[in-house]
Amino acid sequence: MTVEQDTPGGAPFFHHAQTAAEAAQQPLQNTTRYLCAAVYLDRRICDRVISEFLDDENRAVVPSFGFDLEPVILHALRARRYRLIRDLVLCGIWTVALILLPLIAVGLFMFALVLSAFYAIPWRRLSPGMRLLVGWVAVNAVGVVAAAAVVPVVGAQLVENAGYTTHELEQDKGALELLQTDLAVPSLIMLTLALSMTVIGHLAAVYAVLARDLAPGATGPGPRAFGERAGKVVTRVRSAQRGNVTLHSGTNPFIGAGDLTSPWARAWSIVLELDRPASGRVDLVKHGDDAAGPSRVDPMVMHMRVRDRLHAMRDERPTGEHTAGLEDLPPNERITALLTGMHIAGRGESVQRMRPADPAIATSMPPHPLIDPAHGCPFSMATPEAVDALVRHPQSHIRCFQRITVGAHGQAVLSRDGRVVAAAEEQDISLTAFVYLAVEGRMLYGNFAATVLPPVRREFRIVDLLPTWSTATQLFYAFKHGWRTVLSGMLLPGVRTVATCWATVRSVIAAASAHDSARRMVHDYGARISVRELCAAADFDTYVQEMDADKYTRLIEWRVNEALLDYLGDECGIDVSAYRTQAGVIMNEGVIITGGTVNGQVAGGKRIDQRQGGPGRVNP
């Protein structure tokens, strides 16, 4: 779907991605299956997915690499329905217990509440003294709860034996007599079993659904979407996730690619003067040969050189003039999962008013160039003309990066005679690098940022094991994994039911008022979450994964540096000695000293700023 904008004299620069066909009967990627399982097994992830895509239908969608977002949303809606049914059953059990066994129900609730709070205490983070203090308080709290459940019964019995029975006591006599009989303990056990088995039974039902719908080889698109609004949201997400435009709500323009502050992320920048001729041309310039000076640097051509040099690591036959003469790349040496493309990033917050394109230009423009004024939602695709303009104008608040992704696709291991040694497997990690190049003020500024997404959390990969489990095994593991959540699950089901119903009503209200977003003075259209980042583990599973992340990061940044050096030095005739010095420090990240004598200070590592004072300073 293409939307015309007020851009006189030409086609629009931004549009919506073409409506993608429904992924019916198409095998789901492993990462997609794991993310779908996450919304069943983690309530917080499920709620955040639904809130992100249904509470505000006009939010931007983070690009999806290596997974499909459509099935995740559909499974999240069904997971919420399953939790609602569980909470309604728990509400019914508590209601019956409060009517027939009020004292037992209240006592069990208070006891479970104290135990739940006791279990939630982070004991490992407390000092020994704090552990004793908190334990003493918890034991006393349990004693108070037990006394609160027993004292009314004993007191009522004493009052009745003394002949002081009142009308109010007679009304509660049936409940008191039940507590004083042998049925009290069986009633307490039955109530506890009914509540706990409902919680564990819900998990067992979830395991059965996961084994049936998300086993290896499962096909899409997922459960049926109830309601026209949910269907429209899924249709928009299905197409928007394949775009090259991202509006972000927070500070991270690379949302969905990984954490920039993680220890395995890597970022560096270089600066180079563009009016210094190379050494071979200096003499010609001194003799008056103006044509021998540096050529104009084209930032778009730099991106193309980087792209061609990266594709030479993937394609069988390299393309481009600078790669002529290279031999064909054998299949076993190709990085088949390497993808490149231009990535447009901008803030999602928009001031809703028409404004001039420039103080010197009288033409009025829409509030935000990446927001569709007709439909009130962000564009997801930028045309090549828009990419070219954004690369050549680096002062805009909308930035254009070249995105390099090494994704999940693997390749089979073959022997020399063509026999399969090992089948292709999807990689558990995803590496993404962003290259930004700006030519401004006769200077070149380049920035390289690489981020890594660790594997999906191990508990969500249970869908690979469930199909081999029998019903008895599923029940056993439901009890094994679910007993930790019994206390929190059986408590306050009414509150959760009200919260779920309110979330549904809130989504409907938000959808009804979605058309008013353009009338607000300020509205945030940016994406707030990435489902892949929400489900990522805190660290790598193996050292091999960490090694692969470092390997591909260094291969990519080496190719990027060499492509830029060759273009600037050989094609443009610029002195790149300063660039080579910076690149050497960046690539080596350390100091190696062999032989000789070193006087003064030596430092190595990332972000080192070392200074020396005094008359004999080495680095003033």
# chains A, B, ... in the order shown; residues from 1 in each chain; ligands from 1

call {"tool": "select_by_dssp", "arguments": {"residues": "stretch 36-139 of chain A", "states": "helix (DSSP H, G or I)", "output": "PyMOL selection string"}}
result
chain A and resi 36-41+43-55+69-100+102-120+123-125+128-139

call {"tool": "closest_residue", "arguments": {"among": "A:Thr319, A:Thr497, A:Ser530, A:Thr19", "to": "A:Phe67", "atoms": "only C-alpha atoms"}}
result
A:Ser530

call {"tool": "residues_around", "arguments": {"residues": "A:Thr198", "least_positions_apart": "3", "cutoff": "12 Å", "atoms": "only C-alpha atoms", "output": "ChimeraX atom specification"}}
result
/A:82-83,85-94,191-195,201-205,478-479,482-483,485-487,489-491,493

call {"tool": "atom_distance", "arguments": {"atom1": "atom CA of A:Glu316", "atom2": "atom CA of A:Leu414"}}
result
16.8 Å

call {"tool": "closest_residue", "arguments": {"among": "A:Val413, A:Ala117, A:Val391, A:Leu247", "to": "A:Gly526", "atoms": "only C-alpha atoms"}}
result
A:Leu247

call {"tool": "atom_distance", "arguments": {"atom1": "atom CA of A:Ala240", "atom2": "atom CA of A:Ser380"}}
result
5.5 Å

call {"tool": "closest_residue", "arguments": {"among": "A:Asp298, A:His397, A:Ala278, A:Val233", "to": "A:Pro253", "atoms": "only C-alpha atoms"}}
result
A:His397

call {"tool": "atom_distance", "arguments": {"atom1": "atom CA of A:Ser350", "atom2": "atom CA of A:Thr246"}}
result
13.9 Å

call {"tool": "closest_residue", "arguments": {"among": "A:Glu557, A:Glu459, A:Glu562, A:Asp55", "to": "A:Phe434", "atoms": "only C-alpha atoms"}}
result
A:Glu557

call {"tool": "closest_residue", "arguments": {"among": "A:Arg307, A:Arg442, A:His343, A:Arg399", "to": "A:Pro294", "atoms": "only C-alpha atoms"}}
result
A:Arg442

call {"tool": "closest_residue", "arguments": {"among": "A:Arg212, A:Arg403, A:Arg43, A:Arg33", "to": "A:Ala433", "atoms": "only C-alpha atoms"}}
result
A:Arg403

call {"tool": "residues_around", "arguments": {"residues": "A:Met302", "least_positions_apart": "4", "cutoff": "9 Å", "atoms": "only C-alpha atoms", "output": "MDAnalysis selection string"}}
result
chainID A and resid 297:298 306:307 437 563:564 567:568

call {"tool": "write_last_selection", "arguments": {"atoms": "N, CA and C atoms", "output": "mmCIF file, in the first residue's frame"}}
result
data_model
loop_
_atom_site.group_PDB
_atom_site.id
_atom_site.type_symbol
_atom_site.label_atom_id
_atom_site.label_comp_id
_atom_site.auth_asym_id
_atom_site.auth_seq_id
_atom_site.Cartn_x
_atom_site.Cartn_y
_atom_site.Cartn_z
ATOM 1 N N VAL A 297 34.315 13.133 -2.053
ATOM 2 C CA VAL A 297 33.890 11.889 -1.437
ATOM 3 C C VAL A 297 32.375 11.799 -1.494
ATOM 4 N N ASP A 298 31.880 10.713 -2.029
ATOM 5 C CA ASP A 298 30.443 10.479 -2.128
ATOM 6 C C ASP A 298 30.039 9.483 -1.036
ATOM 7 N N VAL A 306 31.208 -0.616 0.748
ATOM 8 C CA VAL A 306 31.123 -1.468 1.931
ATOM 9 C C VAL A 306 30.208 -2.657 1.666
ATOM 10 N N ARG A 307 29.076 -2.393 1.050
ATOM 11 C CA ARG A 307 28.130 -3.471 0.753
ATOM 12 C C ARG A 307 28.741 -4.515 -0.167
ATOM 13 N N LEU A 437 27.903 6.765 8.100
ATOM 14 C CA LEU A 437 28.926 7.561 7.442
ATOM 15 C C LEU A 437 28.366 8.956 7.176
ATOM 16 N N ALA A 563 37.261 -1.557 3.025
ATOM 17 C CA ALA A 563 36.490 -0.976 1.924
ATOM 18 C C ALA A 563 36.585 0.544 1.932
ATOM 19 N N LEU A 564 36.488 1.145 3.111
ATOM 20 C CA LEU A 564 36.577 2.600 3.193
ATOM 21 C C LEU A 564 37.985 3.085 2.873
ATOM 22 N N TYR A 567 38.547 2.922 -0.901
ATOM 23 C CA TYR A 567 37.804 3.951 -1.635
ATOM 24 C C TYR A 567 38.433 5.328 -1.421
ATOM 25 N N LEU A 568 38.717 5.652 -0.180
ATOM 26 C CA LEU A 568 39.257 6.980 0.119
ATOM 27 C C LEU A 568 40.667 7.140 -0.426
#

call {"tool": "residues_around", "arguments": {"residues": "stretch 45-52 of chain A", "least_positions_apart": "4", "cutoff": "9 Å", "atoms": "only C-alpha atoms", "output": "list in words"}}
result
Ala38, Val39, Tyr40, Leu41, Asp56, Glu57, Arg59, Val72, Ile73, His75, Ala76, Leu77, Ala79, Arg80, Ala503, Ser507, Ala527, Arg528, Ile529, Ser530, Val531, Leu534 and Cys535 of chain A

call {"tool": "select_by_dssp", "arguments": {"residues": "stretch 381-533 of chain A", "states": "strand (DSSP E)", "output": "NGL selection string"}}
result
:A and (381-382 or 399-406 or 413-414 or 420-422 or 430-440 or 443-453 or 522-524)

call {"tool": "write_last_selection", "arguments": {"atoms": "C-alpha atoms", "output": "compact mmCIF listing (two decimals), in the first residue's frame"}}
result
# COMPACT_ATOMS: atom_id res chain seq x y z
CA MET A 381 9.52 1.44 3.94
CA ALA A 382 11.85 4.09 2.55
CA ARG A 399 19.49 8.81 10.49
CA CYS A 400 20.35 6.25 7.83
CA PHE A 401 22.60 3.30 8.68
CA GLN A 402 23.80 0.34 6.68
CA ARG A 403 22.61 -2.70 8.58
CA ILE A 404 24.58 -5.96 8.44
CA THR A 405 22.97 -9.02 9.99
CA VAL A 406 24.38 -12.49 10.48
CA VAL A 413 28.48 -29.76 6.34
CA LEU A 414 29.50 -31.76 3.27
CA VAL A 420 26.31 -34.91 4.27
CA VAL A 421 28.44 -34.91 7.42
CA ALA A 422 26.10 -32.74 9.51
CA SER A 430 21.97 -13.09 16.02
CA LEU A 431 24.62 -10.46 15.31
CA THR A 432 23.79 -7.07 13.84
CA ALA A 433 26.22 -4.31 12.88
CA PHE A 434 25.34 -0.74 11.92
CA VAL A 435 27.57 1.52 9.83
CA TYR A 436 26.98 5.28 9.79
CA LEU A 437 28.93 7.56 7.44
CA ALA A 438 28.66 11.35 7.43
CA VAL A 439 30.52 13.78 5.16
CA GLU A 440 30.32 17.21 6.69
CA MET A 443 35.47 15.83 7.31
CA LEU A 444 34.41 12.21 7.39
CA TYR A 445 32.80 10.78 10.47
CA GLY A 446 32.24 7.04 10.57
CA ASN A 447 30.58 5.05 13.32
CA PHE A 448 30.44 1.29 13.72
CA ALA A 449 28.20 -0.41 16.28
CA ALA A 450 27.77 -4.17 16.62
CA THR A 451 25.26 -5.79 18.94
CA VAL A 452 24.49 -9.42 19.67
CA LEU A 453 21.25 -11.09 20.69
CA VAL A 522 2.30 15.43 20.88
CA HIS A 523 2.03 11.70 20.25
CA ASP A 524 4.62 8.92 20.50

call {"tool": "residues_around", "arguments": {"residues": "A:Pro221", "least_positions_apart": "3", "cutoff": "10 Å", "atoms": "only C-alpha atoms", "output": "list of chain:residue names"}}
result
A:Glu22, A:Ala23, A:Ala24, A:Gln25, A:Gln26, A:Pro27, A:Leu28, A:Asp68, A:Leu69, A:Glu70, A:Pro71, A:Val72, A:Leu74, A:His75, A:Ala218, A:Arg224

call {"tool": "write_last_selection", "arguments": {"atoms": "C-alpha atoms", "output": "mmCIF file, in the first residue's frame"}}
result
data_model
loop_
_atom_site.group_PDB
_atom_site.id
_atom_site.type_symbol
_atom_site.label_atom_id
_atom_site.label_comp_id
_atom_site.auth_asym_id
_atom_site.auth_seq_id
_atom_site.Cartn_x
_atom_site.Cartn_y
_atom_site.Cartn_z
ATOM 1 C CA GLU A 22 -0.579 -15.147 5.289
ATOM 2 C CA ALA A 23 2.027 -17.727 6.304
ATOM 3 C CA ALA A 24 -0.448 -20.592 6.209
ATOM 4 C CA GLN A 25 1.061 -24.083 6.269
ATOM 5 C CA GLN A 26 4.569 -22.643 6.248
ATOM 6 C CA PRO A 27 7.026 -24.164 8.756
ATOM 7 C CA LEU A 28 7.780 -21.896 11.675
ATOM 8 C CA ASP A 68 7.898 -14.032 12.396
ATOM 9 C CA LEU A 69 5.982 -11.732 14.748
ATOM 10 C CA GLU A 70 2.477 -12.614 13.542
ATOM 11 C CA PRO A 71 2.210 -16.047 15.259
ATOM 12 C CA VAL A 72 3.579 -14.579 18.496
ATOM 13 C CA LEU A 74 -1.900 -14.711 17.932
ATOM 14 C CA HIS A 75 -0.536 -17.104 20.550
ATOM 15 C CA ALA A 218 4.919 -26.815 13.234
ATOM 16 C CA ARG A 224 -7.446 -17.794 14.924
#

call {"tool": "residues_around", "arguments": {"residues": "stretch 577-586 of chain A", "least_positions_apart": "2", "cutoff": "7 Å", "atoms": "only C-alpha atoms", "output": "count of residues only"}}
result
5
